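Engineer: This one is final_11.cif, mmCIF, C-alpha atoms.
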data_entry
#
loop_
_atom_site.group_PDB
_atom_site.id
_atom_site.type_symbol
_atom_site.label_atom_id
_atom_site.label_comp_id
_atom_site.auth_asym_id
_atom_site.auth_seq_id
_atom_site.Cartn_x
_atom_site.Cartn_y
_atom_site.Cartn_z
ATOM 1 C CA MET A 1 17.163 -43.551 11.982
ATOM 2 C CA THR A 2 17.857 -46.618 14.086
ATOM 3 C CA PHE A 3 15.246 -48.654 15.952
ATOM 4 C CA LEU A 4 16.540 -47.314 19.277
ATOM 5 C CA SER A 5 16.681 -43.724 18.037
ATOM 6 C CA VAL A 6 13.036 -43.851 17.008
ATOM 7 C CA ALA A 7 12.053 -45.204 20.395
ATOM 8 C CA LEU A 8 14.099 -42.522 22.200
ATOM 9 C CA VAL A 9 12.210 -39.788 20.409
ATOM 10 C CA ALA A 10 8.980 -41.433 21.489
ATOM 11 C CA LEU A 11 10.045 -41.777 25.115
ATOM 12 C CA PHE A 12 11.231 -38.238 25.752
ATOM 13 C CA PHE A 13 8.833 -36.107 23.621
ATOM 14 C CA GLY A 14 5.712 -36.033 24.361
ATOM 15 C CA THR A 15 -8.498 -37.305 5.238
ATOM 16 C CA SER A 16 -9.020 -40.823 4.832
ATOM 17 C CA LEU A 17 -7.630 -42.822 1.973
ATOM 18 C CA SER A 18 -9.760 -43.752 -1.007
ATOM 19 C CA ALA A 19 -12.610 -46.128 -0.325
ATOM 20 C CA VAL A 20 -12.009 -49.848 -0.551
ATOM 21 C CA ALA A 21 -13.045 -51.242 -3.879
ATOM 22 C CA SER A 22 -16.487 -52.759 -3.771
ATOM 23 C CA ALA A 23 -15.065 -55.982 -5.153
ATOM 24 C CA ALA A 24 -12.945 -56.594 -2.033
ATOM 25 C CA PRO A 25 -14.022 -59.729 -0.134
ATOM 26 C CA ALA A 26 -16.234 -59.075 2.898
ATOM 27 C CA VAL A 27 -14.924 -62.044 4.864
ATOM 28 C CA SER A 28 -11.396 -62.685 6.134
ATOM 29 C CA THR A 29 -9.883 -65.800 4.583
ATOM 30 C CA LEU A 30 -6.715 -67.853 4.659
ATOM 31 C CA GLU A 31 -5.536 -67.371 1.088
ATOM 32 C CA LYS A 32 -2.595 -69.760 1.114
ATOM 33 C CA VAL A 33 0.010 -71.435 3.293
ATOM 34 C CA GLU A 34 3.608 -71.920 2.164
ATOM 35 C CA SER A 35 6.388 -73.888 3.777
ATOM 36 C CA GLU A 36 9.403 -71.824 4.854
ATOM 37 C CA GLY A 37 11.457 -74.664 6.258
ATOM 38 C CA PRO A 38 11.202 -77.394 8.882
ATOM 39 C CA ASN A 39 8.193 -76.705 11.107
ATOM 40 C CA GLN A 40 7.843 -73.173 9.715
ATOM 41 C CA PHE A 41 5.091 -71.805 7.480
ATOM 42 C CA ALA A 42 3.903 -68.541 5.997
ATOM 43 C CA ALA A 43 0.150 -68.040 6.312
ATOM 44 C CA TYR A 44 -1.265 -65.335 4.062
ATOM 45 C CA ILE A 45 -4.501 -64.040 5.582
ATOM 46 C CA TYR A 46 -6.784 -61.621 3.802
ATOM 47 C CA SER A 47 -8.035 -59.154 6.419
ATOM 48 C CA ALA A 48 -11.493 -57.888 5.541
ATOM 49 C CA SER A 49 -11.161 -55.057 8.061
ATOM 50 C CA MET A 50 -7.898 -53.780 6.528
ATOM 51 C CA ALA A 51 -8.743 -54.829 2.954
ATOM 52 C CA LYS A 52 -5.304 -56.341 2.427
ATOM 53 C CA THR A 53 -3.362 -59.549 2.873
ATOM 54 C CA ILE A 54 -1.256 -59.962 6.018
ATOM 55 C CA LYS A 55 1.657 -62.372 6.223
ATOM 56 C CA VAL A 56 1.790 -64.374 9.451
ATOM 57 C CA GLN A 57 4.782 -66.618 10.044
ATOM 58 C CA VAL A 58 3.920 -69.766 11.968
ATOM 59 C CA LEU A 59 5.960 -72.289 13.936
ATOM 60 C CA VAL A 60 4.575 -75.726 14.751
ATOM 61 C CA PRO A 61 6.036 -78.481 16.932
ATOM 62 C CA ALA A 62 8.581 -80.837 15.416
ATOM 63 C CA VAL A 63 6.462 -83.708 16.750
ATOM 64 C CA GLU A 64 2.694 -83.375 16.508
ATOM 65 C CA ARG A 65 0.883 -84.292 19.733
ATOM 66 C CA GLY A 66 -2.714 -83.418 18.980
ATOM 67 C CA SER A 67 -4.506 -80.087 19.113
ATOM 68 C CA ARG A 68 -2.701 -77.261 20.899
ATOM 69 C CA PRO A 69 -2.898 -73.566 21.905
ATOM 70 C CA VAL A 70 -1.719 -70.685 19.736
ATOM 71 C CA LEU A 71 0.718 -68.086 21.099
ATOM 72 C CA THR A 72 0.939 -64.814 19.149
ATOM 73 C CA MET A 73 4.262 -62.959 19.385
ATOM 74 C CA LEU A 74 4.338 -59.194 18.723
ATOM 75 C CA SER A 75 7.446 -57.222 17.757
ATOM 76 C CA GLY A 76 8.217 -53.572 18.489
ATOM 77 C CA LEU A 77 7.799 -50.510 16.263
ATOM 78 C CA GLY A 78 7.951 -51.558 12.596
ATOM 79 C CA GLU A 79 9.139 -54.785 11.070
ATOM 80 C CA GLU A 80 12.408 -54.005 9.266
ATOM 81 C CA ASP A 81 11.997 -56.930 6.871
ATOM 82 C CA PRO A 82 8.522 -57.294 5.306
ATOM 83 C CA ASN A 83 9.042 -61.040 4.869
ATOM 84 C CA ASN A 84 10.736 -62.199 8.056
ATOM 85 C CA SER A 85 9.785 -61.494 11.666
ATOM 86 C CA MET A 86 12.308 -59.753 13.879
ATOM 87 C CA TRP A 87 11.785 -62.593 16.343
ATOM 88 C CA PHE A 88 13.391 -64.903 13.777
ATOM 89 C CA ARG A 89 16.233 -62.568 12.894
ATOM 90 C CA LYS A 90 17.088 -61.496 16.436
ATOM 91 C CA THR A 91 16.379 -64.589 18.586
ATOM 92 C CA ASP A 92 16.521 -68.369 18.475
ATOM 93 C CA ALA A 93 12.726 -68.654 18.652
ATOM 94 C CA LYS A 94 12.692 -71.304 15.915
ATOM 95 C CA ASP A 95 14.872 -73.639 17.956
ATOM 96 C CA PHE A 96 13.301 -72.791 21.289
ATOM 97 C CA PHE A 97 9.723 -73.594 20.305
ATOM 98 C CA ARG A 98 10.553 -76.691 18.240
ATOM 99 C CA ASP A 99 9.876 -79.107 21.102
ATOM 100 C CA LYS A 100 6.998 -77.146 22.659
ATOM 101 C CA ASN A 101 3.428 -78.318 22.119
ATOM 102 C CA VAL A 102 2.220 -74.926 20.889
ATOM 103 C CA THR A 103 1.663 -73.131 17.588
ATOM 104 C CA VAL A 104 3.400 -69.745 17.553
ATOM 105 C CA ALA A 105 2.171 -66.993 15.223
ATOM 106 C CA PHE A 106 4.299 -63.998 14.238
ATOM 107 C CA PRO A 107 2.204 -61.389 12.387
ATOM 108 C CA LEU A 108 4.185 -58.920 10.292
ATOM 109 C CA ALA A 109 2.604 -55.649 11.377
ATOM 110 C CA GLY A 110 2.710 -52.130 10.002
ATOM 111 C CA ASN A 111 5.072 -49.401 11.162
ATOM 112 C CA GLY A 112 4.047 -47.837 14.464
ATOM 113 C CA SER A 113 0.653 -49.559 14.400
ATOM 114 C CA PHE A 114 0.447 -50.201 18.171
ATOM 115 C CA TYR A 115 -1.516 -53.294 17.093
ATOM 116 C CA THR A 116 -4.740 -51.365 17.484
ATOM 117 C CA ASP A 117 -7.776 -50.325 15.467
ATOM 118 C CA TRP A 118 -7.236 -46.803 14.191
ATOM 119 C CA GLN A 119 -10.193 -44.452 13.973
ATOM 120 C CA ARG A 120 -9.280 -43.248 10.500
ATOM 121 C CA ASP A 121 -7.057 -44.277 7.625
ATOM 122 C CA ASP A 122 -3.727 -42.468 7.797
ATOM 123 C CA PRO A 123 -2.467 -40.784 4.599
ATOM 124 C CA LYS A 124 1.036 -42.119 5.262
ATOM 125 C CA LEU A 125 0.534 -45.403 7.119
ATOM 126 C CA GLY A 126 -2.726 -46.586 5.611
ATOM 127 C CA ARG A 127 -5.490 -48.593 7.244
ATOM 128 C CA TYR A 128 -4.781 -50.213 10.595
ATOM 129 C CA ARG A 129 -7.310 -52.562 12.204
ATOM 130 C CA TRP A 130 -4.898 -54.733 14.142
ATOM 131 C CA GLU A 131 -7.058 -55.365 17.196
ATOM 132 C CA THR A 132 -9.769 -56.734 14.929
ATOM 133 C CA PHE A 133 -7.229 -58.829 13.045
ATOM 134 C CA LEU A 134 -5.506 -60.270 16.128
ATOM 135 C CA THR A 135 -8.624 -60.996 18.179
ATOM 136 C CA LYS A 136 -11.269 -61.841 15.546
ATOM 137 C CA GLU A 137 -9.917 -62.496 12.062
ATOM 138 C CA MET A 138 -6.640 -64.345 12.516
ATOM 139 C CA PRO A 139 -7.328 -66.695 15.490
ATOM 140 C CA PRO A 140 -10.029 -68.947 13.979
ATOM 141 C CA LEU A 141 -8.129 -69.248 10.694
ATOM 142 C CA ILE A 142 -4.863 -70.229 12.405
ATOM 143 C CA ASP A 143 -6.742 -72.607 14.709
ATOM 144 C CA ALA A 144 -8.433 -74.329 11.796
ATOM 145 C CA ARG A 145 -5.312 -74.736 9.685
ATOM 146 C CA PHE A 146 -2.793 -75.567 12.428
ATOM 147 C CA ASN A 147 -4.810 -77.839 14.727
ATOM 148 C CA GLY A 148 -5.612 -75.235 17.375
ATOM 149 C CA ASN A 149 -7.674 -76.098 20.434
ATOM 150 C CA GLY A 150 -9.224 -72.637 20.861
ATOM 151 C CA ILE A 151 -6.839 -71.516 23.618
ATOM 152 C CA HIS A 152 -4.792 -68.390 22.916
ATOM 153 C CA GLY A 153 -1.907 -66.483 24.446
ATOM 154 C CA ILE A 154 -0.057 -63.335 23.434
ATOM 155 C CA ALA A 155 3.341 -61.825 24.186
ATOM 156 C CA GLY A 156 5.246 -58.796 22.954
ATOM 157 C CA LEU A 157 8.219 -56.525 23.454
ATOM 158 C CA SER A 158 8.638 -52.751 23.491
ATOM 159 C CA MET A 159 5.685 -51.332 21.509
ATOM 160 C CA GLY A 160 4.289 -54.852 21.341
ATOM 161 C CA ALA A 161 4.597 -55.231 25.126
ATOM 162 C CA GLY A 162 2.060 -52.557 25.929
ATOM 163 C CA SER A 163 -0.085 -53.735 23.035
ATOM 164 C CA ALA A 164 -0.169 -57.334 24.286
ATOM 165 C CA LEU A 165 -1.515 -56.259 27.665
ATOM 166 C CA MET A 166 -3.831 -53.714 26.050
ATOM 167 C CA LEU A 167 -5.380 -56.320 23.763
ATOM 168 C CA ALA A 168 -5.797 -58.762 26.640
ATOM 169 C CA ALA A 169 -7.366 -56.124 28.899
ATOM 170 C CA ARG A 170 -9.790 -55.019 26.187
ATOM 171 C CA LYS A 171 -10.928 -58.585 25.477
ATOM 172 C CA PRO A 172 -11.045 -60.190 28.933
ATOM 173 C CA GLY A 173 -10.520 -63.922 28.985
ATOM 174 C CA PHE A 174 -9.613 -64.305 25.327
ATOM 175 C CA PHE A 175 -5.878 -64.538 25.952
ATOM 176 C CA ARG A 176 -5.275 -67.078 28.704
ATOM 177 C CA SER A 177 -1.617 -65.993 29.019
ATOM 178 C CA VAL A 178 0.012 -62.613 28.414
ATOM 179 C CA GLY A 179 3.745 -61.837 28.297
ATOM 180 C CA SER A 180 5.122 -58.305 28.201
ATOM 181 C CA TYR A 181 8.786 -57.351 27.942
ATOM 182 C CA SER A 182 10.037 -53.752 28.356
ATOM 183 C CA GLY A 183 6.842 -51.830 27.705
ATOM 184 C CA CYS A 184 4.790 -48.841 28.820
ATOM 185 C CA TYR A 185 1.143 -49.198 29.708
ATOM 186 C CA SER A 186 -0.547 -45.834 30.213
ATOM 187 C CA THR A 187 -2.000 -43.707 27.418
ATOM 188 C CA ALA A 188 -4.660 -41.563 29.104
ATOM 189 C CA ASP A 189 -2.686 -38.501 30.262
ATOM 190 C CA LEU A 190 -0.812 -36.037 28.066
ATOM 191 C CA LEU A 191 2.616 -37.132 29.290
ATOM 192 C CA SER A 192 1.926 -40.800 28.555
ATOM 193 C CA GLN A 193 0.530 -39.920 25.138
ATOM 194 C CA GLY A 194 3.935 -38.538 24.186
ATOM 195 C CA ILE A 195 5.310 -42.049 23.724
ATOM 196 C CA PRO A 196 2.831 -43.373 21.127
ATOM 197 C CA ARG A 197 2.540 -39.978 19.479
ATOM 198 C CA GLY A 198 6.310 -39.771 19.091
ATOM 199 C CA VAL A 199 6.544 -43.269 17.640
ATOM 200 C CA VAL A 200 3.739 -42.693 15.124
ATOM 201 C CA ALA A 201 5.238 -39.346 14.091
ATOM 202 C CA ALA A 202 8.648 -40.967 13.577
ATOM 203 C CA PHE A 203 7.060 -43.104 10.851
ATOM 204 C CA GLY A 204 5.331 -40.103 9.277
ATOM 205 C CA GLY A 205 1.885 -40.829 10.688
ATOM 206 C CA ASP A 206 -0.588 -38.776 12.709
ATOM 207 C CA ALA A 207 -1.602 -40.302 16.052
ATOM 208 C CA ASN A 208 -4.838 -38.312 15.928
ATOM 209 C CA ASN A 209 -5.862 -40.820 13.282
ATOM 210 C CA MET A 210 -5.213 -43.595 15.798
ATOM 211 C CA TRP A 211 -7.159 -42.561 18.898
ATOM 212 C CA GLY A 212 -8.142 -38.991 18.147
ATOM 213 C CA PRO A 213 -7.033 -35.675 19.692
ATOM 214 C CA PRO A 214 -5.576 -35.640 23.232
ATOM 215 C CA ASN A 215 -8.961 -35.346 24.926
ATOM 216 C CA ASP A 216 -10.589 -38.179 22.966
ATOM 217 C CA PRO A 217 -11.918 -40.920 25.292
ATOM 218 C CA ALA A 218 -10.230 -43.533 23.085
ATOM 219 C CA TRP A 219 -6.870 -42.762 24.716
ATOM 220 C CA ALA A 220 -8.228 -43.751 28.120
ATOM 221 C CA ALA A 221 -10.033 -46.719 26.574
ATOM 222 C CA HIS A 222 -6.643 -48.177 25.599
ATOM 223 C CA ASP A 223 -4.904 -47.434 28.904
ATOM 224 C CA VAL A 224 -3.887 -50.716 30.564
ATOM 225 C CA LEU A 225 -3.740 -49.146 34.032
ATOM 226 C CA LEU A 226 -7.344 -47.980 33.716
ATOM 227 C CA ARG A 227 -8.509 -51.271 32.202
ATOM 228 C CA ALA A 228 -6.459 -53.519 34.477
ATOM 229 C CA ASP A 229 -9.511 -55.461 35.651
ATOM 230 C CA GLY A 230 -9.672 -56.921 32.162
ATOM 231 C CA LEU A 231 -6.505 -58.871 32.968
ATOM 232 C CA ARG A 232 -8.104 -60.663 35.882
ATOM 233 C CA GLY A 233 -8.150 -64.380 35.194
ATOM 234 C CA SER A 234 -5.293 -64.291 32.671
ATOM 235 C CA THR A 235 -1.812 -65.517 33.528
ATOM 236 C CA VAL A 236 0.387 -62.419 33.277
ATOM 237 C CA TYR A 237 4.189 -62.138 33.067
ATOM 238 C CA VAL A 238 5.881 -58.722 32.844
ATOM 239 C CA SER A 239 9.590 -57.887 32.787
ATOM 240 C CA SER A 240 11.915 -54.924 32.526
ATOM 241 C CA GLY A 241 15.608 -54.186 32.791
ATOM 242 C CA SER A 242 16.930 -51.276 34.820
ATOM 243 C CA GLY A 243 18.672 -49.436 31.993
ATOM 244 C CA LEU A 244 22.116 -50.079 33.472
ATOM 245 C CA PRO A 245 24.594 -51.893 31.201
ATOM 246 C CA GLY A 246 24.563 -55.656 31.511
ATOM 247 C CA PRO A 247 26.445 -58.589 29.969
ATOM 248 C CA PHE A 248 24.912 -58.158 26.515
ATOM 249 C CA ASP A 249 25.998 -54.513 26.361
ATOM 250 C CA ASP A 250 29.707 -55.240 26.422
ATOM 251 C CA PRO A 251 31.408 -53.865 23.281
ATOM 252 C CA LYS A 252 32.761 -57.352 22.632
ATOM 253 C CA TYR A 253 29.313 -58.991 22.645
ATOM 254 C CA PRO A 254 28.449 -60.305 19.145
ATOM 255 C CA GLY A 255 26.275 -57.875 17.228
ATOM 256 C CA ASN A 256 26.855 -54.941 19.563
ATOM 257 C CA ASP A 257 28.419 -52.754 16.882
ATOM 258 C CA ASN A 258 27.351 -49.482 18.519
ATOM 259 C CA PRO A 259 27.958 -49.708 22.279
ATOM 260 C CA THR A 260 27.373 -45.990 22.816
ATOM 261 C CA ASP A 261 23.960 -46.232 21.196
ATOM 262 C CA ARG A 262 23.199 -49.284 23.335
ATOM 263 C CA TYR A 263 24.377 -47.642 26.569
ATOM 264 C CA ILE A 264 22.851 -44.200 26.209
ATOM 265 C CA ILE A 265 19.782 -44.640 24.029
ATOM 266 C CA GLY A 266 18.941 -48.222 24.926
ATOM 267 C CA GLY A 267 19.686 -47.562 28.581
ATOM 268 C CA GLY A 268 17.477 -44.480 28.681
ATOM 269 C CA ILE A 269 14.570 -46.203 26.995
ATOM 270 C CA GLU A 270 14.770 -49.209 29.299
ATOM 271 C CA ALA A 271 14.909 -46.957 32.357
ATOM 272 C CA GLY A 272 11.662 -45.434 31.146
ATOM 273 C CA ALA A 273 10.162 -48.893 30.604
ATOM 274 C CA ASN A 274 11.244 -49.803 34.126
ATOM 275 C CA PHE A 275 9.325 -46.812 35.490
ATOM 276 C CA CYS A 276 6.252 -47.783 33.451
ATOM 277 C CA THR A 277 6.481 -51.382 34.648
ATOM 278 C CA HIS A 278 6.648 -50.338 38.302
ATOM 279 C CA ARG A 279 3.490 -48.271 37.771
ATOM 280 C CA LEU A 280 1.780 -51.339 36.336
ATOM 281 C CA ALA A 281 2.963 -53.523 39.213
ATOM 282 C CA ASP A 282 1.597 -51.038 41.744
ATOM 283 C CA THR A 283 -1.742 -50.876 39.924
ATOM 284 C CA LEU A 284 -2.184 -54.645 39.713
ATOM 285 C CA ALA A 285 -1.146 -55.101 43.338
ATOM 286 C CA ALA A 286 -3.627 -52.456 44.501
ATOM 287 C CA ARG A 287 -6.413 -54.268 42.635
ATOM 288 C CA ARG A 288 -5.215 -57.701 43.759
ATOM 289 C CA ILE A 289 -4.754 -58.919 40.208
ATOM 290 C CA PRO A 290 -2.141 -61.705 40.175
ATOM 291 C CA ALA A 291 0.887 -61.254 37.925
ATOM 292 C CA THR A 292 4.531 -62.257 37.818
ATOM 293 C CA PHE A 293 7.033 -59.395 37.541
ATOM 294 C CA ASP A 294 10.728 -59.728 36.773
ATOM 295 C CA PHE A 295 12.685 -56.528 37.457
ATOM 296 C CA GLU A 296 16.258 -57.109 36.362
ATOM 297 C CA GLY A 297 19.093 -55.180 38.010
ATOM 298 C CA HIS A 298 20.645 -54.409 34.622
ATOM 299 C CA GLY A 299 19.769 -54.501 30.950
ATOM 300 C CA THR A 300 19.116 -52.094 28.098
ATOM 301 C CA HIS A 301 16.347 -51.937 25.507
ATOM 302 C CA SER A 302 17.779 -54.567 23.202
ATOM 303 C CA TRP A 303 17.092 -57.971 21.709
ATOM 304 C CA PRO A 304 19.489 -60.195 23.672
ATOM 305 C CA TYR A 305 17.552 -59.410 26.854
ATOM 306 C CA TRP A 306 14.211 -60.122 25.174
ATOM 307 C CA GLN A 307 15.457 -63.507 24.066
ATOM 308 C CA VAL A 308 16.202 -64.274 27.716
ATOM 309 C CA GLN A 309 12.731 -63.103 28.730
ATOM 310 C CA MET A 310 11.068 -65.148 26.001
ATOM 311 C CA LYS A 311 12.559 -68.266 27.566
ATOM 312 C CA ARG A 312 12.151 -67.183 31.195
ATOM 313 C CA SER A 313 8.464 -66.396 30.728
ATOM 314 C CA TRP A 314 7.640 -69.634 28.923
ATOM 315 C CA PRO A 315 6.990 -71.843 31.997
ATOM 316 C CA ILE A 316 4.448 -69.271 33.211
ATOM 317 C CA LEU A 317 2.814 -68.620 29.840
ATOM 318 C CA SER A 318 2.634 -72.334 29.053
ATOM 319 C CA ARG A 319 0.987 -73.056 32.384
ATOM 320 C CA GLY A 320 -1.677 -70.447 31.692
ATOM 321 C CA MET A 321 -2.417 -71.982 28.288
ATOM 322 C CA GLY A 322 -2.415 -75.502 29.660
ATOM 323 C CA VAL A 323 0.518 -76.609 27.526
ATOM 324 C CA THR A 324 1.953 -79.964 28.474
ATOM 325 C CA GLY A 325 5.192 -81.190 26.964
#
Written as C-alpha cells, that's how I'd like the structure from this file.
Structural biologist:
Amino acid sequence: MTFLSVALVALFFGTSLSAVASAAPAVSTLEKVESEGPNQFAAYIYSASMAKTIKVQVLVPAVERGSRPVLTMLSGLGEEDPNNSMWFRKTDAKDFFRDKNVTVAFPLAGNGSFYTDWQRDDPKLGRYRWETFLTKEMPPLIDARFNGNGIHGIAGLSMGAGSALMLAARKPGFFRSVGSYSGCYSTADLLSQGIPRGVVAAFGGDANNMWGPPNDPAWAAHDVLLRADGLRGSTVYVSSGSGLPGPFDDPKYPGNDNPTDRYIIGGGIEAGANFCTHRLADTLAARRIPATFDFEGHGTHSWPYWQVQMKRSWPILSRGMGVTG
C-alpha cells in the first residue's frame, strides 16, 4: 500500500502490552550522538515515557554563531526508512538549513502515531507517548547538546501538520513558531475522527487505544479548532494546495512514476486538506488569532510541494523564533 493510498483510506472513511521491565531507566537521557556527515548528527534519546530509544536526526549550521533555537520537523504517517527521515530523502532540507542559524531536529516516529500520547499500549503499534517526548523529554536534551537557547519551533506535513498545531495548542507558548503543510485539524466529531481512525487502522492499530471510543473527551481535547486559543502568541504559518494538478504533477517531472496515483489520490487528499485548512482559517479569524495562510491554486498531496512550503514558510517561522542570519 502506497503512502498516498493509506492517506486516501483515512480521508474518505470515517490489552496493553507487557509491563516495562523494572530495570528500565526512569529518566530520559541522551545515550549517544553520532556524526552522519557534514553538519548532520544522529541523537539517540532514551524516552522514559516510551521505555525505548528514539533516533532523532539533527542538522546544525555550517558556521556556528552562538546559541540558537531548535526547530522540530514532523513527517506524515510512518517513516518508511527507520534510519533516515523522509525530509532528507524527499527534500533538500540538508542544503537549505546549512546557512541558517537554527538547529533542526527530525524525530523518527512510529507508524500512524499522530505524535500524541496514547491512552493505552497498542498490541500492534506498541507504546506511543510522543507528546511527552516532543514537549518534555527531547527539547532539553537537544538544547544541552546542540547549543540551544531555549526557544523552540515546530513544523509538519500531512499527519504531522495537524500534529504540529495540536502540540502547540496544547502547550501554549512553548513553540514560538508553528508551520503546517496540508493537514486537517478537527478530531472532535465523528466525521473528523474518520481520518485518524483510518490512518491508524491502515497500520494495524486501534485508534481507541489512542484517544478512546468516539465519545471520549480526549478526541475534543486534541481538536485544534476547539483549542485554537492555545495558538495565540505563536507565529503560525499554514498552507494547502487545491488538489488540482500543478507543475510537479506532470508525468515528466522527476520521480513522478505514477501520475494517475498523483492526480487522483494525491489530488483528492489535498482537496480534503484544503477544506480542513479553510475551516482552520475561519476559526482563527473569528477568534482574531493572527496566522499566515497560503492557499495555492494548484498542487497535490506530494513532497515537491512540501519542499516549496518548507522554504516559503521559513522567513515567517524564523521571525517567530528570533533567528537572525
Engineer: Within 12 Å of Phe88 (chain A), counting all atoms listed in the file, which residues show up once you throw out same-chain ones fewer than 5 positions away? Write them as a ChimeraX atom specification, please.
Structural biologist: /A:36,40,57-59,73-75,79-81,83,93-97,104-108,303,307
Engineer: Quick one: distance from CA of Thr187 (chain A) to CA of Leu125 (chain A) in Å, one decimal?
Structural biologist: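 Taking CA of Thr187 (chain A) and CA of Leu125 (chain A), their separation equals 20.5 Å.
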Engineer: I need the output of the PyMOL selection byres ((chain A and resi 274) around 9) for this file as a list in words; which residues are they?
Structural biologist: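 With the shown file as input, the PyMOL selection byres ((chain A and resi 274) around 9) matches Ser182, Gly183, Cys184, Ser239, Ser240, Gly241, Ser242, Gly243, Ile269, Glu270, Ala271, Gly272, Ala273, Phe275, Cys276, Thr277, His278, Arg279 and Phe295 of chain A.
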Engineer: Do you know which residues the PyMOL selection byres ((chain A and resi 178) around 8) returns on this file, as number ranges by chain?
Structural biologist: A: 153-155, 164-165, 168, 175-177, 179-180, 234-237, 317
Engineer: Could you tell me how far CA of Met210 (chain A) sits from CA of Tyr185 (chain A), in Å to one decimal place?
Structural biologist: 16.3 Å
Engineer: In Å, how far is it from CA of Leu77 (chain A) to CA of Gln119 (chain A)?
Structural biologist: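 Computing the Euclidean distance for CA of Leu77 (chain A) and CA of Gln119 (chain A) yields 19.1 Å.
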Engineer: Residues at most 6 Å from region 127-137 of chain A, counting only C-alpha atoms, excluding those fewer than 3 positions away in the same chain, as number ranges by chain?
Structural biologist: A: 50, 115-118, 121
Engineer: So which residues touch region 264-267 of chain A within 8 Å, counting all atoms listed in the file, skipping near sequence neighbours fewer than 2 positions away, as a list in words?
Structural biologist: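 Listed by chain and then number, they are Leu4, Ser5, Leu8, Ser242, Gly243, Leu244, Pro245, Thr260, Asp261, Arg262, Ile269, Glu270, Ala271, Gly299, Thr300, His301 and Ser302 of chain A.
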Engineer: Between A:Ile195, A:Met321, A:Ala62, A:Ile142, which one has atoms that come closest to Tyr44 (chain A), using all atoms listed in the file?
Structural biologist: A:Ile142
Engineer: Of the candidates A:Gly255, A:Thr283, A:Arg288, A:Ile151, which shows the shortest atom-to-atom distance to Arg89 (chain A), using all atoms listed in the file?
Structural biologist: A:Gly255
Engineer: For each of A:Asn215, A:Ser192, A:Val56, A:Gly160, take the minimum atom-to-atom distance to Asn111 (chain A), counting all atoms listed in the file, then give the residue where this is smallest.
Structural biologist: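 So, comparing all the options, the nearest one is A:Gly160.
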Engineer: Let me make sure I understand: among A:Tyr181, A:Phe293, A:Phe174, A:Phe146, which one has the smallest atom-to-atom distance to Arg65 (chain A) if we use all atoms listed in the file?
Structural biologist: A:Phe146
Engineer: Any chance you could resolve the PyMOL selection byres ((chain A and resi 199-207) around 6) against this file and give the residues as a PDB file with C-alpha atoms, in the coordinates of the input?
Structural biologist:
ATOM      1  CA  ALA A  10       8.980 -41.433  21.489  1.00  0.00           C
ATOM      2  CA  GLY A 112       4.047 -47.837  14.464  1.00  0.00           C
ATOM      3  CA  LYS A 124       1.036 -42.119   5.262  1.00  0.00           C
ATOM      4  CA  LEU A 125       0.534 -45.403   7.119  1.00  0.00           C
ATOM      5  CA  PRO A 196       2.831 -43.373  21.127  1.00  0.00           C
ATOM      6  CA  ARG A 197       2.540 -39.978  19.479  1.00  0.00           C
ATOM      7  CA  GLY A 198       6.310 -39.771  19.091  1.00  0.00           C
ATOM      8  CA  ASN A 208      -4.838 -38.312  15.928  1.00  0.00           C
ATOM      9  CA  ASN A 209      -5.862 -40.820  13.282  1.00  0.00           C
ATOM     10  CA  MET A 210      -5.213 -43.595  15.798  1.00  0.00           C
TER      11      MET A 210
END
Engineer: Which of these, A:Asn258, A:Gly110, A:Lys311, A:Leu231, has the shortest distance to Met159 (chain A) once you count all atoms listed in the file?
Structural biologist: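 Comparing A:Asn258, A:Gly110, A:Lys311, A:Leu231 against Met159 (chain A), the winner is A:Gly110.
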